[in-house]
Amino acid sequence: MKRLPVQSSRMTYPVVVGADVLAQTGEQLQEIGIKTGTKIAIITDTTVAHLPFVNQLTESLESAGYPFQTLVVPAGDASKSLDVAYGLYQDLISFGMRRQDVVLALGGGVVGDLAGFVAATYLRGVPFIQAPTTLLSHDSSIGGKVGINLPQGKNLIGAFYPPRAVLYDLNTLSYLPERQWVNGMAEVIKHGIIADANLFETLAANPLTVCPPADELEPILTAAMRVKIDVVEGDEREANLRQVLNLGHTIGHAIEQRSNYSLGHGEAISIGMALEARLAEKRGLLTAAHRTLITSVLAAHGLPTQAPADDWHEIKKLIEVDKKHKSDAWTFVLPTAIGQVQIVNDIRPQEVEDVVRESMKGV
Ligand SMILES: NC(=O)c1ccc[n+]([C@@H]2O[C@H](COP(=O)([O-])OP(=O)(O)OC[C@H]3O[C@@H](n4cnc5c(N)ncnc54)[C@H](O)[C@@H]3O)[C@@H](O)[C@H]2O)c1
Ligand SMILES: O=C(O)C(=O)C[C@@H](O)[C@H](O)[C@H](O)COP(=O)(O)O
Ligand SMILES: [Zn+2]
């Protein structure tokens, strides 16, 4: 089991990664100073609630003397909503949760973002633990971005609210359907493109299309999490540097929402990365060879790289509300090499329209 510390403005918190972490949840809570008797509200979704590892978590809480209640929300991005958050506030009141009590998110990025938002706002903030169960949530569980969606755009309401610990049990990943595995690989590949050429080249040489044995997975996952940790430690509240983690997301979030979440987050940002690489090439920031390499590594993982046919004007409306833009000119994170990106603040809508329309035509 590995323990990676993450420094945040409030405290340093551990990311505990390995097999059988959930079976030690009680001990892990004690180690970070959560007193016996503290109530734990486990927030999970309708799929995860039925998976066998839930019992490992609850048995560990029981034997360590933590009373708990399990609150289940529908699986899927539609649960990142004010309505679902409102229901959870009611449940927390009914459970008698006070300021010292803990919200624990057990699930993927949806549960993590939603439960984190509820933890950040209930009684103006209660301690929050992330227990990620998807590959994608190697990204979402670290760094403290929590939030919900609005019909006008993804993650438009939220907070920076770091967890007190991330408990990442790699055994949970063996239950992921193949599509969810591949969905998570998009963010792993993203971390390589942003800042770790070795990671990217490893994946280029051996695409990871199914969950490998733990000894093979651990170094890859650790490398991806290292990129995320280094960036969020450098700029927790996204004054500037943290924007790099948004590679592929400016177009990707719009496509994800336009698909009504029939595309997974990773699938959508894979398309976003392919298109943003094309934008970088057209600007003369990225070589054609590197652009092709990025697209082919995504495709080799079974990820989509072309925009579905859609109405550009609807996509544009969603891109316009992206939180990175500082003015009417758009801010994009563009790849400039493998392992290197640049924040570009003067992207014209026409440039984006051109790559989106070309991609929709299959060019
Ligand atoms: N906060 C951040 O920094 C951050 C980073 C990346 C993504 N996100 C957000 O994360 C969300 C996507 O996360 P996701 O891809 O994990 O989606 P998700 O949470 O919807 O999980 C995907 C599916 O897998 C199921 N699942 C979860 N764990 C499982 C397991 N172990 N075995 C089998 N099935 C399992 C879920 O029930 C769900 O149906 C998006 O809303 C995105 O905006 C946030
Ligand atoms: O941690 C970050 O910062 C990221 O941008 C990570 C992204 O993978 C993630 O999807 C995040 O939720 C996007 O944030 P947003 O600020 O664009 O909503
Ligand atoms: Zn993302």
# chains A, B, ... in the order shown; residues from 1 in each chain; ligands from 1
>>> residues_around(residues="Ala288 in chain A", least_positions_apart="6", cutoff="10 Å", atoms="only C-alpha atoms", output="PyMOL selection string")
chain A and resi 277-278+280-282+294
>>> residues_near_ligand(ligand="ligand 3", cutoff="9 Å", atoms="only C-alpha atoms and all ligand atoms", output="MDAnalysis selection string")
chainID A and resid 109 136 139:140 186:187 190 245:249 252:253 265:266 269
>>> residues_near_ligand(ligand="ligand 1", cutoff="7 Å", atoms="only C-alpha atoms and all ligand atoms", output="MDAnalysis selection string")
chainID A and resid 45:48 75:77 107:111 113 133:137 139:146 154:155 172:177 180 183:184 264:266
>>> write_last_selection(atoms="C-alpha atoms", output="compact mmCIF listing (two decimals), in the first residue's frame")
# COMPACT_ATOMS: atom_id res chain seq x y z
CA ASP A 45 -24.68 5.26 -6.44
CA THR A 46 -27.16 2.58 -7.49
CA THR A 47 -24.52 0.51 -9.30
CA VAL A 48 -21.75 0.67 -6.72
CA ALA A 75 -25.81 6.33 -11.18
CA GLY A 76 -24.90 8.84 -13.90
CA ASP A 77 -23.99 12.49 -14.39
CA GLY A 107 -17.86 5.69 -6.25
CA GLY A 108 -16.62 7.35 -9.40
CA GLY A 109 -16.24 11.01 -10.29
CA VAL A 110 -19.98 11.66 -10.19
CA VAL A 111 -20.36 10.52 -6.60
CA ASP A 113 -18.04 15.61 -7.14
CA THR A 133 -13.88 3.21 -7.40
CA THR A 134 -13.30 4.04 -11.08
CA LEU A 135 -10.08 4.44 -13.02
CA LEU A 136 -11.21 7.92 -13.99
CA SER A 137 -11.44 8.92 -10.36
CA ASP A 139 -8.12 12.23 -11.31
CA SER A 140 -11.39 13.42 -9.74
CA SER A 141 -10.62 12.29 -6.17
CA ILE A 142 -7.47 14.43 -5.91
CA GLY A 143 -7.32 18.21 -5.84
CA GLY A 144 -10.57 19.22 -4.19
CA LYS A 145 -12.68 20.30 -7.17
CA VAL A 146 -16.24 19.41 -6.18
CA LYS A 154 -20.87 21.28 -16.66
CA ASN A 155 -19.53 21.94 -13.15
CA THR A 172 -12.57 -2.10 -6.88
CA LEU A 173 -11.33 -1.54 -10.45
CA SER A 174 -11.66 -5.23 -11.30
CA TYR A 175 -15.48 -4.76 -11.31
CA LEU A 176 -15.41 -2.02 -13.96
CA PRO A 177 -17.01 -2.83 -17.31
CA GLN A 180 -15.60 2.40 -17.96
CA ASN A 183 -13.19 5.95 -20.19
CA GLY A 184 -10.72 6.35 -17.32
CA GLY A 264 -18.74 9.23 -20.72
CA HIS A 265 -16.55 12.06 -19.44
CA GLY A 266 -13.39 10.29 -20.63
>>> residues_around(residues="Thr209 in chain A", least_positions_apart="6", cutoff="9 Å", atoms="only C-alpha atoms", output="JSON, numbers by chain")
{"A": [178, 181, 182, 185, 300, 301, 302]}
>>> residues_around(residues="Gln306 in chain A", least_positions_apart="3", cutoff="7 Å", atoms="only C-alpha atoms", output="list of chain:residue names")
A:Ile271, A:Ser359, A:Met360, A:Gly362
>>> write_last_selection(atoms="N, CA and C atoms", output="mmCIF file, in the first residue's frame")
data_model
loop_
_atom_site.group_PDB
_atom_site.id
_atom_site.type_symbol
_atom_site.label_atom_id
_atom_site.label_comp_id
_atom_site.auth_asym_id
_atom_site.auth_seq_id
_atom_site.Cartn_x
_atom_site.Cartn_y
_atom_site.Cartn_z
ATOM 1 N N ILE A 271 -12.301 13.009 -27.377
ATOM 2 C CA ILE A 271 -12.630 13.769 -28.595
ATOM 3 C C ILE A 271 -12.070 15.189 -28.460
ATOM 4 N N SER A 359 -14.164 17.866 -38.050
ATOM 5 C CA SER A 359 -14.234 16.583 -37.355
ATOM 6 C C SER A 359 -15.615 15.944 -37.541
ATOM 7 N N MET A 360 -16.664 16.784 -37.479
ATOM 8 C CA MET A 360 -18.027 16.239 -37.655
ATOM 9 C C MET A 360 -18.196 15.644 -39.054
ATOM 10 N N GLY A 362 -15.853 14.108 -40.533
ATOM 11 C CA GLY A 362 -14.952 12.950 -40.616
ATOM 12 C C GLY A 362 -13.603 13.273 -41.219
#
>>> atom_distance(atom1="CA of Ile129 in chain A", atom2="CA of Ile157 in chain A")
20.1 Å
>>> closest_residue(among="A:Ser8, A:Gln152, A:Gln243, A:Thr305", to="ligand 2", atoms="only C-alpha atoms and all ligand atoms")
A:Gln243
>>> closest_residue(among="A:Gly153, A:Pro14, A:Gly234, A:Gly272", to="Ala131 in chain A", atoms="only C-alpha atoms")
A:Pro14
>>> select_by_dssp(residues="range 166-274 of chain A", states="alpha helix (DSSP H)", output="PyMOL selection string")
chain A and resi 178-195+197-205+214-234+249-258+265-274
>>> closest_residue(among="A:Gly96, A:Pro163, A:Gly33, A:Gly26", to="Leu61 in chain A", atoms="only C-alpha atoms")
A:Gly26
>>> closest_residue(among="A:Ala159, A:Val102, A:Ile347, A:Ala299", to="Arg237 in chain A", atoms="only C-alpha atoms")
A:Ala159
>>> closest_residue(among="A:Lys35, A:His290, A:Lys323, A:Arg124", to="ligand 2", atoms="only C-alpha atoms and all ligand atoms")
A:Lys323
>>> atom_distance(atom1="CA of Phe117 in chain A", atom2="CA of Ala85 in chain A")
8.0 Å
>>> residues_around(residues="range 86-93 of chain A", least_positions_apart="2", cutoff="8 Å", atoms="only C-alpha atoms", output="ChimeraX atom specification")
/A:41,71,82-84,95-97,118,122
>>> closest_residue(among="A:Leu4, A:Ala197, A:Leu275, A:Val227", to="ligand 2", atoms="only C-alpha atoms and all ligand atoms")
A:Val227
>>> atom_distance(atom1="CA of Ile343 in chain A", atom2="CA of Glu233 in chain A")
18.2 Å
>>> residues_around(residues="Ile189 in chain A", least_positions_apart="6", cutoff="10 Å", atoms="only C-alpha atoms", output="list in words")
Asp196, Ala197, Leu199, Phe200, Glu201, Leu203, Ala204, Ala224, Ser270, Met273, Ile294, Val297, Leu298 and His301 of chain A
>>> write_last_selection(atoms="C-alpha atoms", output="PDB file, in the first residue's frame")
ATOM      1  CA  ASP A 196       4.875  12.978 -18.481  1.00  0.00           C
ATOM      2  CA  ALA A 197       6.239  11.896 -21.865  1.00  0.00           C
ATOM      3  CA  LEU A 199       3.927   7.717 -19.231  1.00  0.00           C
ATOM      4  CA  PHE A 200       2.559   8.589 -22.672  1.00  0.00           C
ATOM      5  CA  GLU A 201       5.230   6.539 -24.460  1.00  0.00           C
ATOM      6  CA  LEU A 203       0.907   3.678 -23.184  1.00  0.00           C
ATOM      7  CA  ALA A 204       1.789   4.206 -26.854  1.00  0.00           C
ATOM      8  CA  ALA A 224      -0.729   9.817 -13.621  1.00  0.00           C
ATOM      9  CA  SER A 270     -10.783  12.106 -25.715  1.00  0.00           C
ATOM     10  CA  MET A 273      -8.037  16.242 -26.863  1.00  0.00           C
ATOM     11  CA  ILE A 294      -1.925  11.755 -29.736  1.00  0.00           C
ATOM     12  CA  VAL A 297      -2.842   6.506 -28.828  1.00  0.00           C
ATOM     13  CA  LEU A 298      -6.376   7.562 -27.873  1.00  0.00           C
ATOM     14  CA  HIS A 301      -7.321   2.514 -26.343  1.00  0.00           C
TER      15      HIS A 301
END
>>> select_by_dssp(residues="range 149-241 of chain A", states="strand (DSSP E)", output="list in words")
Asn149, Leu150, Gly153, Lys154, Asn155, Leu156, Ile157, Gly158, Ala159, Phe160, Ala165, Val166, Leu167, Tyr168 and Asp169 of chain A
>>> write_last_selection(atoms="C-alpha atoms", output="short mmCIF file (atom, residue, chain, number, x, y, z; two decimals), in the first residue's frame")
data_model
loop_
_atom_site.label_atom_id
_atom_site.label_comp_id
_atom_site.auth_asym_id
_atom_site.auth_seq_id
_atom_site.Cartn_x
_atom_site.Cartn_y
_atom_site.Cartn_z
CA ASN A 149 -23.86 20.74 -13.29
CA LEU A 150 -26.39 23.29 -14.57
CA GLY A 153 -22.90 23.86 -18.56
CA LYS A 154 -20.87 21.28 -16.66
CA ASN A 155 -19.53 21.94 -13.15
CA LEU A 156 -20.76 25.54 -13.11
CA ILE A 157 -21.57 25.41 -9.38
CA GLY A 158 -18.98 24.14 -6.92
CA ALA A 159 -16.07 24.74 -4.62
CA PHE A 160 -12.45 23.91 -3.99
CA ALA A 165 -8.06 11.55 2.72
CA VAL A 166 -8.34 9.62 -0.53
CA LEU A 167 -8.74 5.88 0.02
CA TYR A 168 -8.14 4.25 -3.38
CA ASP A 169 -8.72 0.49 -3.28
#
>>> residues_around(residues="Phe68 in chain A", least_positions_apart="5", cutoff="10 Å", atoms="only C-alpha atoms", output="NGL selection string")
:A and (37-42 or 58 or 61-62 or 95 or 101-104)
